[in-house]
Structures are given as structure tokens and as C-alpha cells.
Amino acid sequence: MKNPLDSAALNAAIENVHRAGMPGLFAEVRDGDRVWRGAAGVADVTSGRPVTADMRHRVGSITKTFTAAAVLQQVESGEVGLDTPIGRYLPKLVPGERGDAITVRMLINHTSGLAEFLPYAYPSLKGMPVAADTRPQSLDDHRFTRFDPVELIEMGVTAPAVGAPGGAPGVYSNTNYLLLAQLLEEVTGTAAERYITRNVIERAGLRDTELPAGPYVDGPHSQLYEAWFGMIDPPRDYSVYDMSYAGPAGSLISTVADLNRFYGMLLAGEIVGPSSLAQMQRTVPVISQEGKTIDYGLGLHPMEGPGQGTFWGHGGTVWGGGALAMTRADGQRQLAVAVNMQRWNRLDSSGKPQPHPIDGALATLYRLAMYG
């Protein structure tokens with residue numbers, strides 16, 4: 001388990017991701033009291049402005065861990081039952097038999113069977129999850145669209161189910177987390193964003209983390225370049241974007257330092273209690289948005305290297321940006337990485353994403369950062 005923090009090797013690995021084609025990326029790795037921060041490449045391909053390790057960044061579905069933690073706080077206070085049907089709390093949003101069959105736990109671990117709303121909100125993505133059947137124009141159409149979460153939920157609830165409630169494997173769906181935000185609002189009497197800010201973000205002492213109200217990222221940040229499998233060439237900047245389509249499922253802005261601080265505190269039992277953390281680490285098989293089957297808990301998923309112990313955390317993507325945060329179960333080794341381009345893999349003649357040098361370079365960086 002002794003993984004030295006090799007600064008020279010980490011500097012080389014992060015530089016190699018940039019050389020492989022990533023415009024810019026930055027990271028923080030912690031090993032006990034030792035901290036390495038690094039950055040490579042540019043935050044703006046036009047001006048050549050460099051990325052720095054302290055930049056604020058859209059971290060996508062890493063938001064789900066924050067939302068799940070907020071719900072588990074309400075479970076601890078007795079306001080929410082993990083295995084209580086969602087129809088007891090939100091009968092109008094999930095009516096009838098499904099409301100009786102889908103529990104709060106099934107929403108958090110993506111076993112509800114509720115469909116993803118994105119292909120309905122973004123018409124050019126209606127071919128999801130088949131990348132070749134999608135087109136990127138909706139991304140531009142909805143840059144400043146202010147979505148109503150209840151309307152998005154309705155799209156997911158009325159769409160054909162992707163599985164039976166509680167069935168395995170589950171299917172990853174943002175609809176689940178928009179419902180959890182409505183649940184928080186129902187039981188706390190305050191907007192989910194405000195509750196999560198007060199009880200998760202501020203409790204963890206995160207100074208550079210927020211759920212944004214508008215389309216801009218405040219403070220130093222990178223542009224975010226979306227390639228959409230080679231269909232946007234050159235990749236286009238989507239850093240200015242109304243994130244109401246994601247809300248408490250994926251709109252969070254943070255820094256790599258804040259992410260490591262948050263996951264360290266979460267795994268130490270300082271955001272939710274030990275029994276809630278144990279629930280978060282109970283996994284089920286779930287089909288990810290990339291079509292891979294992963295183990296997924298309650299807003300957390302594990303990564304494991306052979307003989308290296310289990311890391312817990314989450315990844316996230318938005319239009320143009322991505323992040324991964326992973327913390328070893330003992331809290332001693334941590335990684336948070338942010339990248340400023342997404343969907344760099346072009347499609348082959350059969351419509352499958354082709355391997356790209358970025359993939360291998362990122363995998364090497366992750367491995368070195370986590371396992372030494």
C-alpha cells in the first residue's frame with residue numbers, strides 16, 4: 001500500500017495527456033500530508049492562456065455525490081426513508097404504481113428504471129446512447145435555455161421505462177437526481193441548491209464550490225471544448241452555458257482542491273454518519289451512459305487496482321468539460337483531475353468510438369496518481 005508521491009512522474013504523466021491532444025488539464029494528488037498539484041496545456045486555445053491547478057471548473061455528475069449526501073442527511077434526521085416509495089413524497093411527479101414501486105434508494109443508485117430525459121430535452125440527441133445517431137446542434141440551441149426541472153422530470157417519467165424498479169442491472173439516469181432534488185425541497189421546505197449549499201458545501205468548508213444560478217463560471221477558469229465525436233471540428237467552447245438542464249444532477253462548479261477535501265471528509269464520516277456512508281458504499285451493477293456496466297452505490301462508485309485497495313468517488317462530464325475525483329477508502333490517497341475537452345474519440349465506420357491517445361495517457365495518469 002506504500003505509494004510514493006512521485007512529482008516528476010506525475011508532471012510527466014499530466015504533460016503526456018496534453019501532448020496526446022487534450023487542450024488543458026489540471027490535477028491535485030494527496031498522499032497523507034503530502035500534496036502534488038500540476039497543470040498542463042492551455043485554458044484558451046485562441047490566446048494560449050495556460051491552465052493552472054487552482055482553476056474553478058464544471059465537474060458534472062460529481063454533483064451527484066453532494067446531492068446523495070444531502071438526501072442521506074435527511075434519512076439520518078428521520079425525514080426520509082431510504083426504502084420508502086417516492087410516490088409517498090412526490091405523488092404528482094411519479095404517480096400510480098411506479099410511485100409505489102420506486103424507492104428513494106432506487107433513485108440514488110439508478111435502479112428506478114426511469115429513462116434519461118436528455119434525449120427528449122435535446123432533440124438532436126434523441127439517438128442516445130448510440131453516438132452515431134446523435135448530432136450536436138441542440139447544444140447550441142439550448143445554451144441559454146432555462147429548463148424547468150419538473151418538465152424535465154416529466155420527460156423522463158413519461159418516456160418508456162429502461163427497466164423494472166429495483167431490477168439489475170440498473171441504468172444511469174439524470175432523471176433520478178432531479179427527482180431527489182424535488183424530494184429535498186419537499187421535506188426541507190427550501191430549494192435543493194440552497195440546502196446542499198448550506199449542509200454539504202459549507203459544512204465541508206469548500207470555498208470555491210457552488211451550484212451556479214447563471215450561465216457563467218466566476219473566477220479563474222478554463223474554456224470548455226466540445227468535440228462531439230469529431231462532429232464539432234475544431235471543438236467549440238461551451239464554458240458559458242445555462243446548467244439548469246443538469247441542476248443538482250450535474251451543475252456543480254468546484255476546484256480539484258475542494259473535491260479532494262470533500263471526498264476526504266465524506267469518507268471520514270464528517271458529512272454523513274458512518275451508517276450512511278456504509279449505505280453509500282453498497283453497490284449494484286449499473287449501465288453507465290457510455291454503455292459500460294459499473295458498480296454503483298448511493299452517489300459513489302468504486303475503482304480498484306490489483307492489490308491496491310478500493311478508491312471511492314465519482315466522475316462527471318458537461319458539454320466540453322470533465323472531471324474525476326477518487327479517494328482511497330482509508331482517506332490517505334486522493335486524486336482529482338479536471339480536463340477541458342470532451343468526446344474526443346471519433347467514430348469508426350460502424351459508429352463505435354475509436355481509441356484515442358488521450359485515453360491511454362489519462363489512464364496512465366490516473367493509475368500513477370492513485371496507485372503510485
# chains A, B, ... in the order shown; residues from 1 in each chain; ligands from 1

call {"tool": "residues_around", "arguments": {"residues": "A:Val94", "least_positions_apart": "2", "cutoff": "12 Å", "atoms": "only C-alpha atoms", "output": "NGL selection string"}}
result
:A and (85-92 or 96-104 or 107 or 112 or 114 or 150 or 153-158 or 175-176 or 179-180 or 182-183)

call {"tool": "residues_around", "arguments": {"residues": "stretch 278-281 of chain A", "least_positions_apart": "2", "cutoff": "10 Å", "atoms": "only C-alpha atoms", "output": "JSON list (two decimals) with all heavy atoms, in the first residue's frame"}}
result
[["chain", "number", "residue", "atom", "x", "y", "z"],
["A", 65, "THR", "N", -22.77, 13.08, -5.89],
["A", 65, "THR", "CA", -22.34, 12.69, -4.54],
["A", 65, "THR", "C", -22.83, 13.71, -3.52],
["A", 65, "THR", "O", -23.25, 13.35, -2.41],
["A", 65, "THR", "CB", -20.81, 12.56, -4.45],
["A", 65, "THR", "OG1", -20.33, 11.78, -5.55],
["A", 65, "THR", "CG2", -20.40, 11.88, -3.15],
["A", 68, "ALA", "N", -26.63, 13.17, -3.14],
["A", 68, "ALA", "CA", -26.88, 11.94, -2.38],
["A", 68, "ALA", "C", -26.59, 12.15, -0.89],
["A", 68, "ALA", "O", -27.35, 11.70, -0.03],
["A", 68, "ALA", "CB", -26.01, 10.80, -2.93],
["A", 69, "ALA", "N", -25.49, 12.84, -0.59],
["A", 69, "ALA", "CA", -25.14, 13.10, 0.82],
["A", 69, "ALA", "C", -26.23, 13.93, 1.50],
["A", 69, "ALA", "O", -26.59, 13.68, 2.66],
["A", 69, "ALA", "CB", -23.79, 13.80, 0.91],
["A", 72, "LEU", "N", -29.11, 11.70, 2.30],
["A", 72, "LEU", "CA", -28.80, 10.82, 3.43],
["A", 72, "LEU", "C", -28.81, 11.56, 4.76],
["A", 72, "LEU", "O", -29.14, 10.99, 5.80],
["A", 72, "LEU", "CB", -27.47, 10.11, 3.19],
["A", 72, "LEU", "CG", -27.65, 8.94, 2.22],
["A", 72, "LEU", "CD1", -26.37, 8.59, 1.50],
["A", 72, "LEU", "CD2", -28.19, 7.72, 2.95],
["A", 82, "LEU", "N", -35.00, 5.59, 3.21],
["A", 82, "LEU", "CA", -34.30, 5.11, 2.02],
["A", 82, "LEU", "C", -35.13, 4.12, 1.21],
["A", 82, "LEU", "O", -35.08, 4.10, -0.01],
["A", 82, "LEU", "CB", -32.98, 4.41, 2.43],
["A", 82, "LEU", "CG", -31.68, 5.17, 2.30],
["A", 82, "LEU", "CD1", -30.51, 4.24, 2.62],
["A", 82, "LEU", "CD2", -31.51, 5.79, 0.92],
["A", 105, "ARG", "N", -34.00, 4.87, -2.43],
["A", 105, "ARG", "CA", -32.72, 4.20, -2.70],
["A", 105, "ARG", "C", -32.55, 3.93, -4.21],
["A", 105, "ARG", "O", -31.46, 4.11, -4.75],
["A", 105, "ARG", "CB", -32.65, 2.88, -1.93],
["A", 105, "ARG", "CG", -31.31, 2.15, -2.09],
["A", 105, "ARG", "CD", -31.39, 0.72, -1.55],
["A", 105, "ARG", "NE", -31.76, 0.65, -0.15],
["A", 105, "ARG", "CZ", -30.88, 0.75, 0.86],
["A", 105, "ARG", "NH1", -29.59, 0.91, 0.61],
["A", 105, "ARG", "NH2", -31.30, 0.66, 2.10],
["A", 108, "ILE", "N", -31.33, 6.92, -5.97],
["A", 108, "ILE", "CA", -29.93, 7.29, -5.70],
["A", 108, "ILE", "C", -28.97, 6.34, -6.40],
["A", 108, "ILE", "O", -27.90, 6.75, -6.85],
["A", 108, "ILE", "CB", -29.63, 7.34, -4.18],
["A", 108, "ILE", "CG1", -30.69, 8.14, -3.43],
["A", 108, "ILE", "CG2", -28.27, 7.99, -3.94],
["A", 108, "ILE", "CD1", -30.46, 8.17, -1.91],
["A", 109, "ASN", "N", -29.34, 5.03, -6.50],
["A", 109, "ASN", "CA", -28.40, 4.08, -7.13],
["A", 109, "ASN", "C", -28.78, 3.70, -8.57],
["A", 109, "ASN", "O", -28.23, 2.76, -9.13],
["A", 109, "ASN", "CB", -28.20, 2.83, -6.26],
["A", 109, "ASN", "CG", -29.43, 1.93, -6.18],
["A", 109, "ASN", "OD1", -30.40, 2.08, -6.92],
["A", 109, "ASN", "ND2", -29.39, 0.97, -5.27],
["A", 267, "LEU", "N", -15.55, 10.41, 3.36],
["A", 267, "LEU", "CA", -15.11, 9.06, 3.71],
["A", 267, "LEU", "C", -14.65, 8.97, 5.17],
["A", 267, "LEU", "O", -14.53, 7.87, 5.71],
["A", 267, "LEU", "CB", -14.00, 8.60, 2.77],
["A", 267, "LEU", "CG", -14.47, 8.31, 1.34],
["A", 267, "LEU", "CD1", -13.31, 7.93, 0.44],
["A", 267, "LEU", "CD2", -15.52, 7.21, 1.31],
["A", 269, "GLY", "N", -16.55, 10.22, 7.47],
["A", 269, "GLY", "CA", -17.79, 10.28, 8.22],
["A", 269, "GLY", "C", -18.14, 11.65, 8.75],
["A", 269, "GLY", "O", -18.90, 11.78, 9.71],
["A", 272, "VAL", "N", -21.77, 12.78, 6.32],
["A", 272, "VAL", "CA", -22.87, 11.92, 6.81],
["A", 272, "VAL", "C", -22.24, 10.95, 7.80],
["A", 272, "VAL", "O", -21.01, 10.78, 7.83],
["A", 272, "VAL", "CB", -23.54, 11.14, 5.65],
["A", 272, "VAL", "CG1", -24.19, 12.11, 4.66],
["A", 272, "VAL", "CG2", -22.56, 10.21, 4.94],
["A", 273, "GLY", "N", -23.07, 10.32, 8.62],
["A", 273, "GLY", "CA", -22.56, 9.40, 9.63],
["A", 273, "GLY", "C", -22.06, 8.09, 9.05],
["A", 273, "GLY", "O", -22.30, 7.79, 7.87],
["A", 274, "PRO", "N", -21.36, 7.28, 9.87],
["A", 274, "PRO", "CA", -20.78, 6.02, 9.40],
["A", 274, "PRO", "C", -21.81, 5.06, 8.79],
["A", 274, "PRO", "O", -21.52, 4.38, 7.81],
["A", 274, "PRO", "CB", -20.14, 5.43, 10.65],
["A", 274, "PRO", "CG", -19.90, 6.59, 11.55],
["A", 274, "PRO", "CD", -20.99, 7.58, 11.26],
["A", 275, "SER", "N", -23.02, 4.99, 9.37],
["A", 275, "SER", "CA", -24.00, 4.05, 8.82],
["A", 275, "SER", "C", -24.48, 4.52, 7.45],
["A", 275, "SER", "O", -24.70, 3.71, 6.54],
["A", 275, "SER", "CB", -25.19, 3.88, 9.77],
["A", 275, "SER", "OG", -25.87, 5.10, 9.94],
["A", 276, "SER", "N", -24.62, 5.83, 7.26],
["A", 276, "SER", "CA", -25.00, 6.36, 5.94],
["A", 276, "SER", "C", -23.89, 6.11, 4.93],
["A", 276, "SER", "O", -24.14, 5.76, 3.78],
["A", 276, "SER", "CB", -25.28, 7.86, 6.01],
["A", 276, "SER", "OG", -26.43, 8.12, 6.79],
["A", 283, "THR", "N", -22.98, -1.43, -3.33],
["A", 283, "THR", "CA", -23.10, -1.22, -4.78],
["A", 283, "THR", "C", -24.02, -2.23, -5.46],
["A", 283, "THR", "O", -24.25, -3.33, -4.96],
["A", 283, "THR", "CB", -21.72, -1.28, -5.46],
["A", 283, "THR", "OG1", -21.18, -2.60, -5.32],
["A", 283, "THR", "CG2", -20.76, -0.26, -4.88],
["A", 284, "VAL", "N", -24.51, -1.80, -6.61],
["A", 284, "VAL", "CA", -25.29, -2.65, -7.52],
["A", 284, "VAL", "C", -24.73, -2.43, -8.93],
["A", 284, "VAL", "O", -24.12, -1.40, -9.21],
["A", 284, "VAL", "CB", -26.79, -2.29, -7.49],
["A", 284, "VAL", "CG1", -27.40, -2.63, -6.15],
["A", 284, "VAL", "CG2", -27.00, -0.81, -7.83],
["A", 295, "ASP", "N", -20.05, -0.79, -11.03],
["A", 295, "ASP", "CA", -20.62, -0.93, -9.69],
["A", 295, "ASP", "C", -20.96, 0.47, -9.20],
["A", 295, "ASP", "O", -20.13, 1.37, -9.29],
["A", 295, "ASP", "CB", -19.63, -1.59, -8.73],
["A", 295, "ASP", "CG", -19.37, -3.04, -9.10],
["A", 295, "ASP", "OD1", -20.32, -3.72, -9.52],
["A", 295, "ASP", "OD2", -18.21, -3.49, -8.97],
["A", 296, "TYR", "N", -22.17, 0.65, -8.69],
["A", 296, "TYR", "CA", -22.59, 1.99, -8.27],
["A", 296, "TYR", "C", -23.29, 1.90, -6.92],
["A", 296, "TYR", "O", -24.12, 1.02, -6.70],
["A", 296, "TYR", "CB", -23.54, 2.60, -9.31],
["A", 296, "TYR", "CG", -23.72, 4.09, -9.20],
["A", 296, "TYR", "CD1", -22.87, 4.97, -9.89],
["A", 296, "TYR", "CD2", -24.69, 4.64, -8.38],
["A", 296, "TYR", "CE1", -23.02, 6.35, -9.78],
["A", 296, "TYR", "CE2", -24.84, 6.02, -8.26],
["A", 296, "TYR", "CZ", -24.00, 6.86, -8.96],
["A", 296, "TYR", "OH", -24.13, 8.23, -8.84],
["A", 297, "GLY", "N", -22.91, 2.78, -6.02],
["A", 297, "GLY", "CA", -23.52, 2.83, -4.70],
["A", 297, "GLY", "C", -24.57, 3.93, -4.64],
["A", 297, "GLY", "O", -25.35, 4.12, -5.56],
["A", 298, "LEU", "N", -24.58, 4.66, -3.54],
["A", 298, "LEU", "CA", -25.50, 5.79, -3.41],
["A", 298, "LEU", "C", -24.71, 7.07, -3.68],
["A", 298, "LEU", "O", -24.15, 7.69, -2.78],
["A", 298, "LEU", "CB", -26.14, 5.82, -2.01],
["A", 298, "LEU", "CG", -26.95, 4.58, -1.62],
["A", 298, "LEU", "CD1", -27.61, 4.77, -0.25],
["A", 298, "LEU", "CD2", -28.01, 4.24, -2.67],
["A", 299, "GLY", "N", -24.61, 7.44, -4.96],
["A", 299, "GLY", "CA", -23.86, 8.63, -5.35],
["A", 299, "GLY", "C", -22.35, 8.46, -5.30],
["A", 299, "GLY", "O", -21.61, 9.44, -5.34],
["A", 300, "LEU", "N", -21.89, 7.23, -5.21],
["A", 300, "LEU", "CA", -20.46, 6.91, -5.19],
["A", 300, "LEU", "C", -20.23, 5.69, -6.07],
["A", 300, "LEU", "O", -21.10, 4.83, -6.17],
["A", 300, "LEU", "CB", -19.98, 6.52, -3.79],
["A", 300, "LEU", "CG", -19.73, 7.59, -2.74],
["A", 300, "LEU", "CD1", -19.34, 6.91, -1.43],
["A", 300, "LEU", "CD2", -18.63, 8.55, -3.18],
["A", 301, "HIS", "N", -19.05, 5.60, -6.70],
["A", 301, "HIS", "CA", -18.69, 4.32, -7.31],
["A", 301, "HIS", "C", -17.23, 4.01, -7.02],
["A", 301, "HIS", "O", -16.41, 4.92, -6.82],
["A", 301, "HIS", "CB", -19.02, 4.27, -8.81],
["A", 301, "HIS", "CG", -18.20, 5.16, -9.67],
["A", 301, "HIS", "ND1", -16.94, 4.84, -10.08],
["A", 301, "HIS", "CD2", -18.47, 6.36, -10.23],
["A", 301, "HIS", "CE1", -16.45, 5.81, -10.85],
["A", 301, "HIS", "NE2", -17.37, 6.75, -10.95],
["A", 302, "PRO", "N", -16.89, 2.71, -6.96],
["A", 302, "PRO", "CA", -15.52, 2.32, -6.61],
["A", 302, "PRO", "C", -14.61, 2.16, -7.83],
["A", 302, "PRO", "O", -15.08, 1.89, -8.94],
["A", 302, "PRO", "CB", -15.73, 0.97, -5.92],
["A", 302, "PRO", "CG", -16.93, 0.39, -6.60],
["A", 302, "PRO", "CD", -17.79, 1.55, -7.02],
["A", 312, "TRP", "N", -13.01, 5.41, -3.73],
["A", 312, "TRP", "CA", -14.41, 5.79, -3.90],
["A", 312, "TRP", "C", -14.50, 7.23, -4.40],
["A", 312, "TRP", "O", -13.73, 8.08, -3.97],
["A", 312, "TRP", "CB", -15.17, 5.68, -2.58],
["A", 312, "TRP", "CG", -15.31, 4.28, -2.11],
["A", 312, "TRP", "CD1", -14.47, 3.60, -1.26],
["A", 312, "TRP", "CD2", -16.34, 3.36, -2.46],
["A", 312, "TRP", "NE1", -14.93, 2.32, -1.07],
["A", 312, "TRP", "CE2", -16.09, 2.14, -1.78],
["A", 312, "TRP", "CE3", -17.48, 3.45, -3.28],
["A", 312, "TRP", "CZ2", -16.91, 1.03, -1.91],
["A", 312, "TRP", "CZ3", -18.31, 2.34, -3.39],
["A", 312, "TRP", "CH2", -18.02, 1.14, -2.72],
["A", 329, "ALA", "N", -10.28, 4.29, 0.37],
["A", 329, "ALA", "CA", -11.22, 4.07, 1.48],
["A", 329, "ALA", "C", -10.68, 4.56, 2.82],
["A", 329, "ALA", "O", -11.43, 5.03, 3.66],
["A", 329, "ALA", "CB", -11.59, 2.60, 1.55]]

call {"tool": "closest_residue", "arguments": {"among": "A:Phe229, A:Thr364, A:Gly250, A:Phe117", "to": "A:Glu15", "atoms": "only C-alpha atoms"}}
result
A:Thr364

call {"tool": "residues_around", "arguments": {"residues": "stretch 27-33 of chain A", "least_positions_apart": "2", "cutoff": "8 Å", "atoms": "only C-alpha atoms", "output": "PyMOL selection string"}}
result
chain A and resi 4-5+25+35-39+53+256-257+260+332-338+369-370

call {"tool": "write_last_selection", "arguments": {"atoms": "all heavy atoms", "output": "compact mmCIF listing (two decimals), in the first residue's frame"}}
result
# COMPACT_ATOMS: atom_id res chain seq x y z
N PRO A 4 4.54 6.00 -3.19
CA PRO A 4 5.20 7.30 -3.07
C PRO A 4 4.58 8.32 -4.02
O PRO A 4 4.09 7.97 -5.08
CB PRO A 4 6.65 7.00 -3.46
CG PRO A 4 6.60 5.72 -4.24
CD PRO A 4 5.43 4.96 -3.72
N LEU A 5 4.61 9.57 -3.58
CA LEU A 5 4.11 10.67 -4.40
C LEU A 5 5.28 11.16 -5.25
O LEU A 5 6.12 11.91 -4.78
CB LEU A 5 3.58 11.78 -3.49
CG LEU A 5 2.58 12.78 -4.07
CD1 LEU A 5 1.35 12.06 -4.62
CD2 LEU A 5 2.15 13.75 -2.98
N LEU A 25 -5.41 20.48 -18.86
CA LEU A 25 -5.92 19.72 -17.71
C LEU A 25 -5.11 20.09 -16.48
O LEU A 25 -4.01 20.62 -16.58
CB LEU A 25 -5.84 18.22 -17.96
CG LEU A 25 -4.47 17.52 -17.96
CD1 LEU A 25 -4.63 16.03 -17.68
CD2 LEU A 25 -3.73 17.72 -19.28
N VAL A 35 1.14 16.86 -0.80
CA VAL A 35 0.23 17.30 -1.86
C VAL A 35 1.03 17.63 -3.12
O VAL A 35 2.05 18.33 -3.06
CB VAL A 35 -0.56 18.57 -1.43
CG1 VAL A 35 -1.50 19.03 -2.55
CG2 VAL A 35 -1.35 18.30 -0.15
N TRP A 36 0.59 17.10 -4.24
CA TRP A 36 1.13 17.48 -5.56
C TRP A 36 0.01 18.13 -6.36
O TRP A 36 -1.09 17.61 -6.42
CB TRP A 36 1.66 16.26 -6.31
CG TRP A 36 1.99 16.54 -7.77
CD1 TRP A 36 3.18 17.00 -8.25
CD2 TRP A 36 1.12 16.38 -8.90
NE1 TRP A 36 3.10 17.15 -9.63
CE2 TRP A 36 1.85 16.77 -10.04
CE3 TRP A 36 -0.21 15.95 -9.06
CZ2 TRP A 36 1.30 16.74 -11.33
CZ3 TRP A 36 -0.75 15.92 -10.33
CH2 TRP A 36 -0.01 16.32 -11.45
N ARG A 37 0.31 19.29 -6.95
CA ARG A 37 -0.63 19.92 -7.88
C ARG A 37 0.09 20.14 -9.19
O ARG A 37 1.25 20.54 -9.20
CB ARG A 37 -1.14 21.26 -7.34
CG ARG A 37 -2.02 21.14 -6.13
CD ARG A 37 -2.69 22.45 -5.75
NE ARG A 37 -3.40 22.29 -4.48
CZ ARG A 37 -2.91 22.63 -3.30
NH1 ARG A 37 -1.71 23.18 -3.22
NH2 ARG A 37 -3.61 22.43 -2.20
N GLY A 38 -0.61 19.89 -10.28
CA GLY A 38 0.01 20.07 -11.59
C GLY A 38 -1.00 20.51 -12.62
O GLY A 38 -2.21 20.35 -12.45
N ALA A 39 -0.48 21.10 -13.69
CA ALA A 39 -1.33 21.55 -14.80
C ALA A 39 -0.51 21.46 -16.08
O ALA A 39 0.72 21.60 -16.06
CB ALA A 39 -1.80 22.98 -14.57
N ALA A 53 -3.59 24.98 -11.65
CA ALA A 53 -4.20 23.94 -10.83
C ALA A 53 -5.28 24.47 -9.89
O ALA A 53 -6.03 23.68 -9.30
CB ALA A 53 -3.12 23.22 -10.02
N VAL A 256 -10.09 21.28 -7.93
CA VAL A 256 -9.55 19.96 -7.57
C VAL A 256 -9.23 19.88 -6.08
O VAL A 256 -9.42 18.84 -5.45
CB VAL A 256 -8.33 19.57 -8.45
CG1 VAL A 256 -8.78 19.27 -9.87
CG2 VAL A 256 -7.24 20.64 -8.45
N ALA A 257 -8.81 21.00 -5.48
CA ALA A 257 -8.52 21.00 -4.04
C ALA A 257 -9.79 20.81 -3.23
O ALA A 257 -9.83 20.04 -2.26
CB ALA A 257 -7.82 22.30 -3.64
N ASN A 260 -11.04 17.11 -3.43
CA ASN A 260 -10.29 16.21 -2.54
C ASN A 260 -10.68 16.45 -1.08
O ASN A 260 -10.83 15.49 -0.30
CB ASN A 260 -8.79 16.38 -2.74
CG ASN A 260 -8.26 15.60 -3.93
OD1 ASN A 260 -8.87 14.61 -4.36
ND2 ASN A 260 -7.15 16.03 -4.48
N GLN A 332 -6.37 8.24 2.77
CA GLN A 332 -4.97 8.69 2.75
C GLN A 332 -4.47 9.07 1.36
O GLN A 332 -3.54 9.86 1.24
CB GLN A 332 -4.07 7.61 3.35
CG GLN A 332 -4.19 7.48 4.85
CD GLN A 332 -3.89 8.80 5.56
OE1 GLN A 332 -2.76 9.28 5.54
NE2 GLN A 332 -4.90 9.41 6.17
N ARG A 333 -5.05 8.51 0.33
CA ARG A 333 -4.58 8.79 -1.03
C ARG A 333 -5.75 9.34 -1.84
O ARG A 333 -6.84 8.75 -1.84
CB ARG A 333 -4.05 7.51 -1.68
CG ARG A 333 -3.43 7.72 -3.06
CD ARG A 333 -1.98 8.17 -2.97
NE ARG A 333 -1.35 8.22 -4.29
CZ ARG A 333 -0.04 8.22 -4.50
NH1 ARG A 333 0.79 8.19 -3.47
NH2 ARG A 333 0.46 8.27 -5.71
N GLN A 334 -5.54 10.47 -2.50
CA GLN A 334 -6.62 11.14 -3.21
C GLN A 334 -6.18 11.66 -4.56
O GLN A 334 -5.03 12.09 -4.72
CB GLN A 334 -7.15 12.32 -2.39
CG GLN A 334 -7.75 11.94 -1.06
CD GLN A 334 -8.45 13.13 -0.44
OE1 GLN A 334 -7.82 13.93 0.24
NE2 GLN A 334 -9.74 13.27 -0.68
N LEU A 335 -7.12 11.66 -5.49
CA LEU A 335 -6.88 12.20 -6.82
C LEU A 335 -8.08 13.03 -7.25
O LEU A 335 -9.22 12.61 -7.06
CB LEU A 335 -6.70 11.05 -7.82
CG LEU A 335 -7.09 11.32 -9.28
CD1 LEU A 335 -6.00 12.09 -10.01
CD2 LEU A 335 -7.37 10.02 -10.02
N ALA A 336 -7.84 14.21 -7.80
CA ALA A 336 -8.90 14.96 -8.50
C ALA A 336 -8.27 15.54 -9.76
O ALA A 336 -7.21 16.18 -9.70
CB ALA A 336 -9.46 16.06 -7.62
N VAL A 337 -8.91 15.29 -10.91
CA VAL A 337 -8.41 15.73 -12.21
C VAL A 337 -9.52 16.44 -12.96
O VAL A 337 -10.68 15.99 -12.94
CB VAL A 337 -7.93 14.53 -13.07
CG1 VAL A 337 -7.42 15.01 -14.42
CG2 VAL A 337 -6.84 13.75 -12.36
N ALA A 338 -9.19 17.53 -13.64
CA ALA A 338 -10.15 18.25 -14.48
C ALA A 338 -9.58 18.39 -15.89
O ALA A 338 -8.39 18.71 -16.05
CB ALA A 338 -10.43 19.63 -13.89
N ALA A 369 -1.43 8.38 -10.21
CA ALA A 369 -1.92 9.24 -9.14
C ALA A 369 -2.52 8.41 -8.00
O ALA A 369 -2.33 8.73 -6.82
CB ALA A 369 -2.97 10.20 -9.69
N MET A 370 -3.22 7.34 -8.35
CA MET A 370 -3.91 6.56 -7.33
C MET A 370 -3.02 5.51 -6.68
O MET A 370 -3.04 5.30 -5.48
CB MET A 370 -5.16 5.91 -7.92
CG MET A 370 -6.24 6.91 -8.27
SD MET A 370 -7.48 6.26 -9.43
CE MET A 370 -8.33 5.07 -8.42

call {"tool": "closest_residue", "arguments": {"among": "A:Val162, A:Met55, A:Leu178, A:Ile358", "to": "A:Thr209", "atoms": "only C-alpha atoms"}}
result
A:Met55
